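**Student:** Hey, dropping coords_20.cif in here, mmCIF, N, CA and C atoms:
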data_run
loop_
_atom_site.label_atom_id
_atom_site.label_comp_id
_atom_site.auth_asym_id
_atom_site.auth_seq_id
_atom_site.Cartn_x
_atom_site.Cartn_y
_atom_site.Cartn_z
N TRP A 104 -6.52 11.32 4.24
CA TRP A 104 -6.47 10.16 3.38
C TRP A 104 -7.48 10.25 2.25
N GLY A 105 -7.90 11.43 1.94
CA GLY A 105 -8.84 11.62 0.84
C GLY A 105 -9.99 12.49 1.28
N PRO A 106 -10.89 12.77 0.38
CA PRO A 106 -12.00 13.66 0.70
C PRO A 106 -12.91 13.09 1.79
N GLY A 107 -12.89 13.73 2.93
CA GLY A 107 -13.74 13.31 4.04
C GLY A 107 -13.27 12.06 4.76
N VAL A 108 -12.07 11.56 4.46
CA VAL A 108 -11.56 10.35 5.09
C VAL A 108 -10.47 10.76 6.08
N CYS A 109 -10.78 10.68 7.36
CA CYS A 109 -9.84 11.10 8.40
C CYS A 109 -9.46 9.93 9.29
N GLY A 110 -8.18 9.67 9.40
CA GLY A 110 -7.67 8.61 10.26
C GLY A 110 -7.46 7.29 9.54
N ASP A 111 -6.55 6.52 10.11
CA ASP A 111 -6.20 5.25 9.47
C ASP A 111 -7.35 4.25 9.46
N SER A 112 -8.14 4.21 10.51
CA SER A 112 -9.27 3.27 10.55
C SER A 112 -10.29 3.60 9.45
N ALA A 113 -10.61 4.87 9.33
CA ALA A 113 -11.56 5.29 8.30
C ALA A 113 -11.02 4.99 6.91
N ALA A 114 -9.72 5.22 6.70
CA ALA A 114 -9.11 4.97 5.39
C ALA A 114 -9.11 3.47 5.06
N ALA A 115 -8.79 2.64 6.04
CA ALA A 115 -8.78 1.19 5.81
C ALA A 115 -10.18 0.71 5.41
N HIS A 116 -11.18 1.22 6.07
CA HIS A 116 -12.56 0.82 5.72
C HIS A 116 -12.98 1.41 4.39
N TYR A 117 -12.60 2.65 4.12
CA TYR A 117 -12.99 3.32 2.88
C TYR A 117 -12.38 2.65 1.65
N TYR A 118 -11.07 2.40 1.70
CA TYR A 118 -10.39 1.88 0.51
C TYR A 118 -10.42 0.36 0.40
N PHE A 119 -10.42 -0.35 1.54
CA PHE A 119 -10.29 -1.81 1.49
C PHE A 119 -11.41 -2.56 2.20
N ASP A 120 -12.34 -1.84 2.81
CA ASP A 120 -13.43 -2.46 3.56
C ASP A 120 -12.90 -3.45 4.60
N LYS A 121 -11.84 -3.02 5.28
CA LYS A 121 -11.19 -3.84 6.32
C LYS A 121 -10.85 -2.95 7.50
N SER A 122 -10.57 -3.60 8.63
CA SER A 122 -10.02 -2.85 9.76
C SER A 122 -8.51 -2.72 9.53
N VAL A 123 -7.89 -1.81 10.23
CA VAL A 123 -6.44 -1.61 10.12
C VAL A 123 -5.69 -2.90 10.41
N ASP A 124 -6.15 -3.66 11.37
CA ASP A 124 -5.49 -4.91 11.76
C ASP A 124 -5.55 -5.97 10.66
N GLU A 125 -6.46 -5.83 9.72
CA GLU A 125 -6.62 -6.82 8.65
C GLU A 125 -5.86 -6.46 7.37
N LEU A 126 -5.26 -5.26 7.32
CA LEU A 126 -4.55 -4.84 6.12
C LEU A 126 -3.33 -5.71 5.84
N THR A 127 -3.06 -5.93 4.57
CA THR A 127 -1.82 -6.62 4.19
C THR A 127 -0.68 -5.61 4.24
N VAL A 128 0.53 -6.11 4.12
CA VAL A 128 1.70 -5.23 4.08
C VAL A 128 1.57 -4.26 2.90
N VAL A 129 1.17 -4.78 1.75
CA VAL A 129 1.05 -3.94 0.55
C VAL A 129 -0.02 -2.87 0.74
N GLU A 130 -1.16 -3.23 1.30
CA GLU A 130 -2.23 -2.26 1.53
C GLU A 130 -1.78 -1.18 2.51
N ALA A 131 -1.10 -1.58 3.58
CA ALA A 131 -0.61 -0.60 4.56
C ALA A 131 0.42 0.33 3.92
N ALA A 132 1.30 -0.22 3.09
CA ALA A 132 2.30 0.60 2.41
C ALA A 132 1.63 1.57 1.44
N TRP A 133 0.62 1.10 0.73
CA TRP A 133 -0.09 1.98 -0.20
C TRP A 133 -0.73 3.14 0.56
N MET A 134 -1.36 2.82 1.70
CA MET A 134 -1.98 3.88 2.50
C MET A 134 -0.93 4.86 3.01
N ALA A 135 0.22 4.37 3.43
CA ALA A 135 1.29 5.27 3.89
C ALA A 135 1.74 6.19 2.76
N GLY A 136 1.86 5.65 1.57
CA GLY A 136 2.25 6.46 0.42
C GLY A 136 1.19 7.46 0.04
N LEU A 137 -0.05 7.15 0.31
CA LEU A 137 -1.15 8.04 -0.02
C LEU A 137 -1.11 9.33 0.79
N LEU A 138 -0.55 9.27 1.98
CA LEU A 138 -0.48 10.48 2.82
C LEU A 138 0.22 11.62 2.11
N ARG A 139 1.15 11.31 1.27
CA ARG A 139 1.91 12.34 0.57
C ARG A 139 1.06 13.06 -0.48
N ASN A 140 0.13 12.35 -1.10
CA ASN A 140 -0.69 12.94 -2.14
C ASN A 140 -2.05 12.24 -2.20
N PRO A 141 -2.99 12.62 -1.32
CA PRO A 141 -4.27 11.92 -1.28
C PRO A 141 -5.12 12.07 -2.54
N ASP A 142 -4.77 12.98 -3.42
CA ASP A 142 -5.52 13.13 -4.67
C ASP A 142 -5.30 11.95 -5.61
N ARG A 143 -4.29 11.13 -5.35
CA ARG A 143 -4.00 9.98 -6.20
C ARG A 143 -4.55 8.70 -5.57
N ALA A 144 -5.69 8.78 -4.97
CA ALA A 144 -6.27 7.69 -4.20
C ALA A 144 -6.98 6.66 -5.07
N ASP A 145 -6.26 5.99 -5.92
CA ASP A 145 -6.82 4.90 -6.71
C ASP A 145 -5.98 3.66 -6.44
N PRO A 146 -6.44 2.75 -5.56
CA PRO A 146 -5.63 1.57 -5.21
C PRO A 146 -5.18 0.76 -6.42
N ASN A 147 -5.97 0.75 -7.49
CA ASN A 147 -5.61 -0.04 -8.67
C ASN A 147 -4.43 0.57 -9.41
N LEU A 148 -4.29 1.88 -9.41
CA LEU A 148 -3.18 2.53 -10.10
C LEU A 148 -1.99 2.74 -9.19
N ALA A 149 -2.26 3.04 -7.94
CA ALA A 149 -1.18 3.39 -7.02
C ALA A 149 -0.27 2.23 -6.68
N VAL A 150 -0.73 1.01 -6.92
CA VAL A 150 0.10 -0.16 -6.64
C VAL A 150 1.42 -0.05 -7.40
N ARG A 151 1.39 0.52 -8.59
CA ARG A 151 2.59 0.62 -9.42
C ARG A 151 3.53 1.73 -8.96
N SER A 152 3.12 2.45 -7.97
CA SER A 152 3.91 3.57 -7.48
C SER A 152 5.27 3.12 -6.93
N LYS A 153 6.31 3.77 -7.38
CA LYS A 153 7.64 3.48 -6.83
C LYS A 153 7.66 3.75 -5.34
N ARG A 154 6.85 4.70 -4.90
CA ARG A 154 6.80 5.03 -3.47
C ARG A 154 6.29 3.82 -2.67
N THR A 155 5.31 3.10 -3.18
CA THR A 155 4.79 1.93 -2.46
C THR A 155 5.89 0.88 -2.31
N TYR A 156 6.65 0.64 -3.37
CA TYR A 156 7.79 -0.29 -3.29
C TYR A 156 8.77 0.18 -2.22
N TRP A 157 9.10 1.46 -2.25
CA TRP A 157 10.07 2.01 -1.30
C TRP A 157 9.59 1.84 0.13
N ILE A 158 8.31 2.13 0.37
CA ILE A 158 7.77 2.01 1.73
C ILE A 158 7.85 0.57 2.21
N VAL A 159 7.47 -0.38 1.37
CA VAL A 159 7.56 -1.79 1.77
C VAL A 159 9.00 -2.14 2.11
N ASP A 160 9.92 -1.70 1.29
CA ASP A 160 11.34 -2.01 1.51
C ASP A 160 11.85 -1.41 2.82
N GLN A 161 11.27 -0.31 3.27
CA GLN A 161 11.71 0.35 4.49
C GLN A 161 11.03 -0.16 5.75
N MET A 162 10.11 -1.09 5.62
CA MET A 162 9.39 -1.64 6.78
C MET A 162 10.29 -2.62 7.52
N ILE A 163 11.27 -2.08 8.22
CA ILE A 163 12.29 -2.92 8.85
C ILE A 163 11.80 -3.62 10.12
N THR A 164 10.63 -3.26 10.60
CA THR A 164 10.13 -3.92 11.82
C THR A 164 9.41 -5.22 11.51
N ILE A 165 9.22 -5.54 10.24
CA ILE A 165 8.64 -6.83 9.88
C ILE A 165 9.75 -7.72 9.32
N PRO A 166 9.62 -9.02 9.44
CA PRO A 166 10.68 -9.92 8.97
C PRO A 166 10.98 -9.73 7.47
N ARG A 167 12.25 -9.90 7.13
CA ARG A 167 12.69 -9.72 5.75
C ARG A 167 11.90 -10.60 4.78
N ALA A 168 11.62 -11.83 5.18
CA ALA A 168 10.87 -12.74 4.30
C ALA A 168 9.48 -12.18 4.00
N ARG A 169 8.85 -11.56 4.99
CA ARG A 169 7.52 -10.97 4.77
C ARG A 169 7.62 -9.75 3.85
N ARG A 170 8.66 -8.94 4.05
CA ARG A 170 8.87 -7.77 3.15
C ARG A 170 9.11 -8.25 1.73
N ASN A 171 9.96 -9.27 1.57
CA ASN A 171 10.24 -9.79 0.23
C ASN A 171 8.99 -10.35 -0.43
N ALA A 172 8.15 -11.01 0.35
CA ALA A 172 6.90 -11.55 -0.19
C ALA A 172 5.99 -10.40 -0.65
N ALA A 173 5.96 -9.32 0.11
CA ALA A 173 5.14 -8.16 -0.28
C ALA A 173 5.69 -7.52 -1.55
N LEU A 174 7.01 -7.43 -1.66
CA LEU A 174 7.61 -6.87 -2.88
C LEU A 174 7.30 -7.75 -4.09
N GLU A 175 7.33 -9.06 -3.90
CA GLU A 175 6.97 -9.99 -4.99
C GLU A 175 5.50 -9.82 -5.37
N GLU A 176 4.65 -9.64 -4.36
CA GLU A 176 3.22 -9.42 -4.63
C GLU A 176 3.02 -8.15 -5.46
N LEU A 177 3.72 -7.07 -5.09
CA LEU A 177 3.65 -5.84 -5.87
C LEU A 177 4.10 -6.06 -7.31
N SER A 178 5.16 -6.82 -7.47
CA SER A 178 5.67 -7.10 -8.81
C SER A 178 4.64 -7.87 -9.63
N ARG A 179 4.00 -8.85 -9.02
CA ARG A 179 2.96 -9.62 -9.73
C ARG A 179 1.79 -8.72 -10.10
N MET A 180 1.44 -7.80 -9.20
CA MET A 180 0.34 -6.88 -9.47
C MET A 180 0.71 -5.96 -10.64
N ASP A 181 1.96 -5.53 -10.68
CA ASP A 181 2.43 -4.71 -11.78
C ASP A 181 2.32 -5.45 -13.10
N ASP A 182 2.71 -6.73 -13.08
CA ASP A 182 2.66 -7.54 -14.28
C ASP A 182 1.23 -7.67 -14.81
N ARG A 183 0.27 -7.77 -13.90
CA ARG A 183 -1.13 -7.91 -14.32
C ARG A 183 -1.71 -6.61 -14.86
N THR A 184 -1.20 -5.47 -14.39
CA THR A 184 -1.77 -4.19 -14.81
C THR A 184 -1.00 -3.53 -15.94
N SER A 185 0.14 -4.09 -16.30
CA SER A 185 0.97 -3.48 -17.37
C SER A 185 0.43 -3.82 -18.74
#
Would you write the structure of this file as C-alpha cells?
**Tutor:**
Amino acid sequence: WGPGVCGDSAAAHYYFDKSVDELTVVEAAWMAGLLRNPDRADPNLAVRSKRTYWIVDQMITIPRARRNAALEELSRMDDRTS
C-alpha cells in the first residue's frame, strides 16, 4: 500500500489516521484501487479515479442505497477538485 506500508490496518492509519473499521465506503474503495498502483498514493487526486468509482459500484455486499450515496459523495468530491 505504499512505501513501507504493509497491510490494510497500516494503510488505513497511514492515509486516513483511522482504523479499518472506521473507513468510509469511499476510503475503502480508494484503498482497494491503490493496490493496483501504490505509486499513485495521493488520496486527494485518486478520488477522481475511474477505478474508485468502479470499485464502489462493485461493492455488492453493501446495500444499494449506501453504494449510491458513496457514488454521489465521489461525484461531489470531483466537483470540488475540478
**Student:** Starting from the displayed file, determine the output of the PyMOL selection byres ((chain A and resi 159) around 8) and express the residue list as an mmCIF file with N, CA and C atoms, in the frame of the given file.
**Tutor:**
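Saved result, out-v3.cif, follows:
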data_model
loop_
_atom_site.group_PDB
_atom_site.id
_atom_site.type_symbol
_atom_site.label_atom_id
_atom_site.label_comp_id
_atom_site.auth_asym_id
_atom_site.auth_seq_id
_atom_site.Cartn_x
_atom_site.Cartn_y
_atom_site.Cartn_z
ATOM 1 N N VAL A 128 0.530 -6.110 4.120
ATOM 2 C CA VAL A 128 1.700 -5.230 4.080
ATOM 3 C C VAL A 128 1.570 -4.260 2.900
ATOM 4 N N VAL A 129 1.170 -4.780 1.750
ATOM 5 C CA VAL A 129 1.050 -3.940 0.550
ATOM 6 C C VAL A 129 -0.020 -2.870 0.740
ATOM 7 N N ALA A 131 -1.100 -1.580 3.580
ATOM 8 C CA ALA A 131 -0.610 -0.600 4.560
ATOM 9 C C ALA A 131 0.420 0.330 3.920
ATOM 10 N N ALA A 132 1.300 -0.220 3.090
ATOM 11 C CA ALA A 132 2.300 0.600 2.410
ATOM 12 C C ALA A 132 1.630 1.570 1.440
ATOM 13 N N TRP A 133 0.620 1.100 0.730
ATOM 14 C CA TRP A 133 -0.090 1.980 -0.200
ATOM 15 C C TRP A 133 -0.730 3.140 0.560
ATOM 16 N N LYS A 153 6.310 3.770 -7.380
ATOM 17 C CA LYS A 153 7.640 3.480 -6.830
ATOM 18 C C LYS A 153 7.660 3.750 -5.340
ATOM 19 N N ARG A 154 6.850 4.700 -4.900
ATOM 20 C CA ARG A 154 6.800 5.030 -3.470
ATOM 21 C C ARG A 154 6.290 3.820 -2.670
ATOM 22 N N THR A 155 5.310 3.100 -3.180
ATOM 23 C CA THR A 155 4.790 1.930 -2.460
ATOM 24 C C THR A 155 5.890 0.880 -2.310
ATOM 25 N N TYR A 156 6.650 0.640 -3.370
ATOM 26 C CA TYR A 156 7.790 -0.290 -3.290
ATOM 27 C C TYR A 156 8.770 0.180 -2.220
ATOM 28 N N TRP A 157 9.100 1.460 -2.250
ATOM 29 C CA TRP A 157 10.070 2.010 -1.300
ATOM 30 C C TRP A 157 9.590 1.840 0.130
ATOM 31 N N ILE A 158 8.310 2.130 0.370
ATOM 32 C CA ILE A 158 7.770 2.010 1.730
ATOM 33 C C ILE A 158 7.850 0.570 2.210
ATOM 34 N N ASP A 160 9.920 -1.700 1.290
ATOM 35 C CA ASP A 160 11.340 -2.010 1.510
ATOM 36 C C ASP A 160 11.850 -1.410 2.820
ATOM 37 N N GLN A 161 11.270 -0.310 3.270
ATOM 38 C CA GLN A 161 11.710 0.350 4.490
ATOM 39 C C GLN A 161 11.030 -0.160 5.750
ATOM 40 N N MET A 162 10.110 -1.090 5.620
ATOM 41 C CA MET A 162 9.390 -1.640 6.780
ATOM 42 C C MET A 162 10.290 -2.620 7.520
ATOM 43 N N ILE A 163 11.270 -2.080 8.220
ATOM 44 C CA ILE A 163 12.290 -2.920 8.850
ATOM 45 C C ILE A 163 11.800 -3.620 10.120
ATOM 46 N N ARG A 169 8.850 -11.560 4.990
ATOM 47 C CA ARG A 169 7.520 -10.970 4.770
ATOM 48 C C ARG A 169 7.620 -9.750 3.850
ATOM 49 N N ARG A 170 8.660 -8.940 4.050
ATOM 50 C CA ARG A 170 8.870 -7.770 3.150
ATOM 51 C C ARG A 170 9.110 -8.250 1.730
ATOM 52 N N ASN A 171 9.960 -9.270 1.570
ATOM 53 C CA ASN A 171 10.240 -9.790 0.230
ATOM 54 C C ASN A 171 8.990 -10.350 -0.430
ATOM 55 N N ALA A 173 5.960 -9.320 0.110
ATOM 56 C CA ALA A 173 5.140 -8.160 -0.280
ATOM 57 C C ALA A 173 5.690 -7.520 -1.550
ATOM 58 N N LEU A 174 7.010 -7.430 -1.660
ATOM 59 C CA LEU A 174 7.610 -6.870 -2.880
ATOM 60 C C LEU A 174 7.300 -7.750 -4.090
#
**Student:** Any chance you could work out the residue set of the PyMOL selection byres (((chain A and resi 118 and name CA) around 10) and name CA) here, as a PyMOL selection string?
**Tutor:** chain A and resi 104-105+108+113-117+119-121+130+134+144-146
**Student:** Quote the spacing between atom N of Leu126 of chain A and atom N of Thr164 of chain A in Å to one decimal place.
**Tutor:**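 Pair atom N of Leu126 of chain A / atom N of Thr164 of chain A returns 16.3 Å.
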**Student:** Between atom CA of Val123 of chain A and atom CA of Ala135 of chain A, measure the distance and give it in Å to one decimal.
**Tutor:**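 Going from atom CA of Val123 of chain A over to atom CA of Ala135 of chain A, I get 12.1 Å.
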**Student:** Can you tell me how far atom CA of Cys109 of chain A sits from atom N of Glu125 of chain A, in Å to one decimal?
**Tutor:**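 Here the two named atoms are 17.3 Å from each other.
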**Student:** Based on DSSP run over this structure's backbone, return all residues of segment 104-183 of chain A in alpha helix (DSSP H), as a ChimeraX atom specification.
**Tutor:** /A:111-119,128-137,146-149,153-161,167-183
